[in-house]
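J.: Got final31.txt for you, compact mmCIF, C-alpha atoms:
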```
# COMPACT_ATOMS: atom_id res chain seq x y z
CA MET A 1 -26.28 -4.91 -16.28
CA VAL A 2 -23.04 -4.18 -14.48
CA SER A 3 -20.49 -1.93 -16.11
CA ILE A 4 -17.11 -3.52 -16.73
CA LEU A 5 -15.55 -0.06 -16.67
CA ASP A 6 -16.97 0.62 -13.22
CA ILE A 7 -15.80 -2.76 -11.95
CA LEU A 8 -12.29 -2.15 -13.26
CA ALA A 9 -12.29 1.31 -11.70
CA ASN A 10 -13.12 -0.31 -8.35
CA TYR A 11 -9.92 -2.35 -8.77
CA ASP A 12 -7.84 0.76 -9.53
CA GLY A 13 -8.05 0.05 -13.23
CA VAL A 14 -6.63 -3.49 -13.23
CA ALA A 15 -8.50 -6.70 -12.43
CA ARG A 16 -8.32 -10.42 -13.01
CA ALA A 17 -10.94 -12.28 -14.98
CA LYS A 18 -12.18 -14.11 -11.86
CA HIS A 19 -12.93 -10.78 -10.15
CA LEU A 20 -14.78 -9.48 -13.19
CA ALA A 21 -16.82 -12.67 -13.38
CA ALA A 22 -17.60 -12.56 -9.66
CA ALA A 23 -18.88 -9.00 -10.11
CA GLY A 24 -21.27 -10.13 -12.83
CA VAL A 25 -19.33 -9.22 -15.98
CA SER A 26 -20.23 -11.66 -18.78
CA ASP A 27 -17.89 -13.11 -21.38
CA PHE A 28 -19.84 -11.17 -24.00
CA GLN A 29 -19.26 -7.87 -22.19
CA LEU A 30 -15.57 -8.60 -21.80
CA LYS A 31 -15.11 -9.52 -25.47
CA ALA A 32 -17.08 -6.47 -26.59
CA SER A 33 -14.97 -4.19 -24.40
CA LEU A 34 -11.77 -5.71 -25.74
CA SER A 35 -12.99 -5.28 -29.32
CA SER A 36 -13.90 -1.62 -28.75
CA GLY A 37 -10.58 -0.88 -27.09
CA SER A 38 -12.17 0.35 -23.88
CA VAL A 39 -10.44 -2.51 -22.03
CA ALA A 40 -7.06 -4.08 -22.72
CA ARG A 41 -5.75 -7.57 -21.94
CA VAL A 42 -2.39 -7.03 -20.25
CA ALA A 43 -1.62 -10.64 -19.28
CA ARG A 44 -3.36 -13.98 -19.22
CA GLY A 45 -6.57 -13.41 -17.28
CA VAL A 46 -5.67 -9.79 -16.41
CA TYR A 47 -7.51 -6.79 -17.87
CA ALA A 48 -7.02 -3.06 -17.51
CA LEU A 49 -8.44 0.31 -18.40
CA PRO A 50 -6.46 2.53 -20.76
CA GLY A 51 -3.93 4.53 -18.78
CA ALA A 52 -3.93 2.14 -15.81
CA ASP A 53 -0.91 2.24 -13.53
CA PRO A 54 1.90 0.18 -15.17
CA GLY A 55 3.19 -0.90 -11.78
CA LEU A 56 -0.19 -2.25 -10.75
CA MET A 57 -0.51 -4.07 -14.08
CA ALA A 58 2.87 -5.70 -13.48
CA ILE A 59 1.90 -6.72 -9.93
CA ARG A 60 -1.45 -8.25 -10.85
CA SER A 61 0.11 -10.04 -13.81
CA LEU A 62 2.45 -12.05 -11.51
CA PRO A 63 -0.23 -12.73 -10.05
CA ALA A 64 0.06 -10.81 -6.77
CA GLU A 65 -1.44 -7.87 -4.92
CA PRO A 66 0.14 -4.60 -3.77
CA ALA A 67 1.43 -4.79 -0.21
CA CYS A 68 3.23 -2.71 2.40
CA VAL A 69 4.50 0.68 1.17
CA THR A 70 3.33 0.03 -2.41
CA ALA A 71 -0.23 -0.53 -1.22
CA ALA A 72 0.04 2.55 1.00
CA GLN A 73 0.92 4.63 -2.06
CA LEU A 74 -2.02 3.25 -4.02
CA HIS A 75 -4.30 4.09 -1.09
CA GLY A 76 -3.11 7.70 -1.23
CA LEU A 77 -1.16 7.65 2.03
CA TRP A 78 1.97 9.75 2.59
CA VAL A 79 5.16 8.02 1.52
CA LEU A 80 8.57 9.62 1.99
CA ASP A 81 10.26 7.82 -0.89
CA SER A 82 8.87 5.48 -3.52
CA PRO A 83 10.49 2.07 -3.04
CA ALA A 84 13.00 0.96 -5.65
CA ARG A 85 11.15 -2.37 -5.84
CA ALA A 86 7.40 -2.80 -5.54
CA HIS A 87 6.18 -4.66 -2.44
CA VAL A 88 3.70 -7.42 -3.24
CA ALA A 89 1.56 -9.92 -1.35
CA LEU A 90 1.64 -13.57 -2.38
CA THR A 91 -0.41 -16.52 -1.18
CA HIS A 92 2.52 -18.89 -1.79
CA SER A 93 6.23 -19.05 -0.97
CA ARG A 94 7.49 -18.34 -4.47
CA SER A 95 9.40 -15.08 -4.98
CA TYR A 96 9.75 -12.86 -8.05
CA PRO A 97 12.89 -10.99 -9.09
CA GLY A 98 12.47 -7.24 -8.86
CA PHE A 99 9.78 -7.38 -6.17
CA VAL A 100 9.79 -7.45 -2.37
CA CYS A 101 7.49 -10.36 -1.54
CA HIS A 102 5.25 -10.64 1.53
CA ARG A 103 3.31 -13.78 2.38
CA SER A 104 -0.41 -13.14 2.81
CA SER A 105 -3.47 -15.37 2.73
CA ALA A 106 -5.52 -12.62 1.04
CA ALA A 107 -5.12 -9.24 -0.61
CA PRO A 108 -3.91 -6.86 2.12
CA THR A 109 -6.45 -4.44 3.54
CA LEU A 110 -5.44 -0.86 4.29
CA MET A 111 -4.81 -1.91 7.91
CA ASP A 112 -2.66 -4.80 6.71
CA ALA A 113 -0.63 -2.48 4.46
CA VAL A 114 0.01 -0.01 7.29
CA VAL A 115 1.07 -2.76 9.69
CA GLN A 116 3.31 -4.30 7.02
CA SER A 117 4.91 -0.89 6.48
CA LEU A 118 5.57 -0.49 10.20
CA ARG A 119 7.22 -3.91 10.34
CA CYS A 120 9.11 -3.76 7.06
CA MET A 121 10.17 -0.16 6.53
CA PRO A 122 12.58 2.08 8.48
CA GLU A 123 10.98 3.81 11.47
CA VAL A 124 10.64 7.18 9.73
CA ASP A 125 8.86 5.70 6.72
CA GLY A 126 6.59 3.54 8.87
CA LEU A 127 5.55 6.45 11.06
CA VAL A 128 4.73 8.67 8.09
CA ILE A 129 2.53 6.00 6.53
CA ALA A 130 0.77 5.12 9.80
CA GLU A 131 0.25 8.74 10.81
CA SER A 132 -1.20 9.63 7.43
CA ALA A 133 -3.71 6.78 7.67
CA VAL A 134 -4.90 8.22 10.98
CA ALA A 135 -4.68 11.91 10.00
CA LEU A 136 -6.60 11.33 6.76
CA GLY A 137 -9.33 9.47 8.63
CA ARG A 138 -8.64 6.16 6.92
CA LEU A 139 -7.87 4.24 10.13
CA SER A 140 -8.52 4.91 13.79
CA LEU A 141 -5.51 5.20 16.07
CA THR A 142 -7.25 2.95 18.58
CA GLY A 143 -7.84 0.27 15.96
CA LEU A 144 -4.25 0.45 14.79
CA ARG A 145 -2.88 0.10 18.31
CA GLN A 146 -5.25 -2.79 19.03
CA ARG A 147 -3.89 -4.58 15.98
CA LEU A 148 -0.37 -4.19 17.36
CA ASP A 149 -0.95 -5.98 20.65
CA GLY A 150 1.28 -8.97 20.05
CA ARG A 151 4.44 -9.91 21.94
CA ASN A 152 6.55 -9.16 18.87
CA ASP A 153 5.00 -5.75 18.20
CA ALA A 154 6.97 -3.69 20.72
CA ARG A 155 8.87 -1.78 18.02
CA GLU A 156 5.68 -1.00 16.13
CA ARG A 157 3.89 0.14 19.30
CA ARG A 158 6.78 2.48 20.05
CA ILE A 159 6.55 3.99 16.57
CA THR A 160 2.78 4.48 16.70
CA ALA A 161 3.11 6.11 20.12
CA ALA A 162 4.61 9.06 18.22
CA ILE A 163 1.52 9.57 16.05
CA ALA A 164 0.04 13.04 16.45
CA ILE A 165 -3.66 13.34 15.69
CA HIS A 166 -3.96 17.13 15.66
CA TYR A 167 -1.68 19.42 13.70
CA ARG A 168 -1.03 23.00 14.72
CA VAL A 169 1.62 23.75 12.10
CA PRO A 170 1.84 23.19 8.32
CA GLY A 171 3.68 20.27 6.81
CA PRO A 172 2.38 17.22 8.72
CA LEU A 173 4.41 14.79 6.61
CA PHE A 174 7.64 16.62 7.42
CA THR A 175 6.86 16.94 11.12
CA ALA A 176 5.85 13.28 11.38
CA ALA A 177 9.14 12.18 9.88
CA CYS A 178 11.12 14.69 11.90
CA ARG A 179 9.74 13.46 15.22
CA VAL A 180 11.13 9.98 14.60
CA SER A 181 14.26 10.85 12.62
CA CYS A 182 15.60 12.99 15.44
CA ARG A 183 15.62 9.82 17.56
CA VAL A 184 17.10 7.49 14.95
CA PRO A 185 20.92 7.40 14.87
CA GLY A 186 22.42 8.32 11.52
CA GLN A 187 19.39 10.19 10.22
CA ARG A 188 18.74 13.90 10.18
CA PHE A 189 16.66 16.42 8.29
CA ARG A 190 18.22 19.27 6.38
CA PRO A 191 16.27 22.52 6.10
CA GLY A 192 14.37 22.78 2.85
CA THR A 193 14.23 19.03 2.22
CA SER A 194 11.46 16.50 2.67
CA GLY A 195 13.35 13.33 3.47
CA PRO A 196 15.94 11.88 5.87
CA HIS A 197 19.61 12.03 5.08
CA GLY A 198 22.45 9.93 6.37
```
Translate this structure into structure tokens?
T.:
Amino acid sequence: MVSILDILANYDGVARAKHLAAAGVSDFQLKASLSSGSVARVARGVYALPGADPGLMAIRSLPAEPACVTAAQLHGLWVLDSPARAHVALTHSRSYPGFVCHRSSAAPTLMDAVVQSLRCMPEVDGLVIAESAVALGRLSLTGLRQRLDGRNDARERRITAAIAIHYRVPGPLFTAACRVSCRVPGQRFRPGTSGPHG
């Protein structure tokens, strides 16, 4: 018998009923878990473990999936600044107040999230996210560059050309951001800080 707690953990603590059912969770298991308090219903057809990320619960209750910089954060990649509004992926054209909406035919993969970040975020932020995916061994630099082979990807190719695979000094997040920020007008780094300043 599958464990509903394990299945929810695989979805970062928040999953829809259809995903639980597809994984083999029965209605009896779900009702028993709700009765015991080990699982909570947070929205119609959306269930979560106690202590699950409130932002992720809000996203999956729309319903939507994390995208772009928000997905990068959930994947444990480096992010200079948490976005003021969560970025979400939708399979339709509807938008939701308080969220930055990206159209997507499916839940974004890690590669999708990195590419979205490169296209959507300022250069510094995009580089930091992309470089961390490579440095942490989550994506290959070759695979990332192959994904960015379109006619409209010139900006993204230029950013990823700055990715450094090997670090010889501490503070890779700072150095990644610094390499791009020194080339972006209006941005600079102040000693002792970890983010760009205008």
J.: So which one's closest to Ser33 in chain A, A:Leu5, A:Gly55, A:Pro66, A:Ala15? Using only C-alpha atoms, please.
T.: A:Leu5
J.: For the atom pair CA of Ala23 in chain A and CA of Ala52 in chain A, what is the interatomic distance in Å to one decimal place?
T.: 19.5 Å
J.: Out of A:Asp53, A:Gly45, A:Ala40, A:Glu123, which residue has the shortest atom-to-atom distance to Lys18 in chain A when counting all atoms listed in the file?
T.: A:Gly45
J.: Would you mind telling me which residue in A:Gln73, A:His102, A:Leu8, A:His92 lies nearest to Leu30 in chain A when using all atoms listed in the file?
T.: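 Using all atoms listed in the file, Leu30 in chain A sits closest to A:Leu8.
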J.: Kindly extract all protein, DNA and RNA residues lying within 12 Å of the coordinates (-3.0, 10.7, 2.5) given in the file, considering all atoms listed in the file, and supply them as a list in words.
T.: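 Here the neighbourhood of the point contains Ala72, Gln73, Leu74, His75, Gly76, Leu77, Trp78, Val79, Leu80, Leu110, Val128, Ile129, Ala130, Glu131, Ser132, Ala133, Val134, Ala135, Leu136, Gly137, Arg138, Leu139, Pro172 and Leu173 of chain A.
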J.: Regenerate range 107-121 of chain A at the level of N, CA, C and O atoms and dump it as a PDB file, in the coordinates of the input.
T.:
```pdb
ATOM      1  N   ALA A 107      -5.591 -10.578  -0.232  1.00  0.00           N
ATOM      2  CA  ALA A 107      -5.120  -9.240  -0.610  1.00  0.00           C
ATOM      3  C   ALA A 107      -5.099  -8.360   0.638  1.00  0.00           C
ATOM      4  O   ALA A 107      -6.078  -8.321   1.393  1.00  0.00           O
ATOM      5  N   PRO A 108      -3.997  -7.664   0.899  1.00  0.00           N
ATOM      6  CA  PRO A 108      -3.910  -6.860   2.120  1.00  0.00           C
ATOM      7  C   PRO A 108      -4.954  -5.743   2.160  1.00  0.00           C
ATOM      8  O   PRO A 108      -5.190  -5.064   1.156  1.00  0.00           O
ATOM      9  N   THR A 109      -5.582  -5.584   3.308  1.00  0.00           N
ATOM     10  CA  THR A 109      -6.450  -4.440   3.540  1.00  0.00           C
ATOM     11  C   THR A 109      -5.579  -3.222   3.807  1.00  0.00           C
ATOM     12  O   THR A 109      -4.352  -3.324   3.923  1.00  0.00           O
ATOM     13  N   LEU A 110      -6.210  -2.057   3.945  1.00  0.00           N
ATOM     14  CA  LEU A 110      -5.440  -0.860   4.290  1.00  0.00           C
ATOM     15  C   LEU A 110      -4.740  -1.056   5.633  1.00  0.00           C
ATOM     16  O   LEU A 110      -3.558  -0.706   5.781  1.00  0.00           O
ATOM     17  N   MET A 111      -5.431  -1.637   6.611  1.00  0.00           N
ATOM     18  CA  MET A 111      -4.810  -1.910   7.910  1.00  0.00           C
ATOM     19  C   MET A 111      -3.609  -2.826   7.749  1.00  0.00           C
ATOM     20  O   MET A 111      -2.541  -2.588   8.333  1.00  0.00           O
ATOM     21  N   ASP A 112      -3.765  -3.873   6.949  1.00  0.00           N
ATOM     22  CA  ASP A 112      -2.660  -4.800   6.710  1.00  0.00           C
ATOM     23  C   ASP A 112      -1.453  -4.065   6.124  1.00  0.00           C
ATOM     24  O   ASP A 112      -0.309  -4.282   6.531  1.00  0.00           O
ATOM     25  N   ALA A 113      -1.712  -3.198   5.132  1.00  0.00           N
ATOM     26  CA  ALA A 113      -0.630  -2.480   4.460  1.00  0.00           C
ATOM     27  C   ALA A 113       0.113  -1.565   5.431  1.00  0.00           C
ATOM     28  O   ALA A 113       1.344  -1.469   5.387  1.00  0.00           O
ATOM     29  N   VAL A 114      -0.619  -0.900   6.315  1.00  0.00           N
ATOM     30  CA  VAL A 114       0.010  -0.010   7.290  1.00  0.00           C
ATOM     31  C   VAL A 114       0.859  -0.816   8.270  1.00  0.00           C
ATOM     32  O   VAL A 114       2.005  -0.452   8.571  1.00  0.00           O
ATOM     33  N   VAL A 115       0.325  -1.921   8.759  1.00  0.00           N
ATOM     34  CA  VAL A 115       1.070  -2.760   9.690  1.00  0.00           C
ATOM     35  C   VAL A 115       2.306  -3.354   9.006  1.00  0.00           C
ATOM     36  O   VAL A 115       3.394  -3.401   9.592  1.00  0.00           O
ATOM     37  N   GLN A 116       2.158  -3.796   7.769  1.00  0.00           N
ATOM     38  CA  GLN A 116       3.310  -4.300   7.020  1.00  0.00           C
ATOM     39  C   GLN A 116       4.380  -3.222   6.890  1.00  0.00           C
ATOM     40  O   GLN A 116       5.575  -3.498   7.024  1.00  0.00           O
ATOM     41  N   SER A 117       3.956  -1.996   6.622  1.00  0.00           N
ATOM     42  CA  SER A 117       4.910  -0.890   6.480  1.00  0.00           C
ATOM     43  C   SER A 117       5.646  -0.632   7.789  1.00  0.00           C
ATOM     44  O   SER A 117       6.857  -0.377   7.792  1.00  0.00           O
ATOM     45  N   LEU A 118       4.938  -0.694   8.895  1.00  0.00           N
ATOM     46  CA  LEU A 118       5.570  -0.490  10.200  1.00  0.00           C
ATOM     47  C   LEU A 118       6.598  -1.579  10.486  1.00  0.00           C
ATOM     48  O   LEU A 118       7.651  -1.307  11.076  1.00  0.00           O
ATOM     49  N   ARG A 119       6.321  -2.786  10.055  1.00  0.00           N
ATOM     50  CA  ARG A 119       7.220  -3.910  10.340  1.00  0.00           C
ATOM     51  C   ARG A 119       8.374  -4.000   9.350  1.00  0.00           C
ATOM     52  O   ARG A 119       9.455  -4.473   9.709  1.00  0.00           O
ATOM     53  N   CYS A 120       8.151  -3.548   8.134  1.00  0.00           N
ATOM     54  CA  CYS A 120       9.110  -3.760   7.060  1.00  0.00           C
ATOM     55  C   CYS A 120      10.011  -2.548   6.805  1.00  0.00           C
ATOM     56  O   CYS A 120      11.195  -2.714   6.511  1.00  0.00           O
ATOM     57  N   MET A 121       9.456  -1.364   6.935  1.00  0.00           N
ATOM     58  CA  MET A 121      10.170  -0.160   6.530  1.00  0.00           C
ATOM     59  C   MET A 121      10.958   0.443   7.694  1.00  0.00           C
ATOM     60  O   MET A 121      10.703   0.133   8.865  1.00  0.00           O
TER      61      MET A 121
END
```
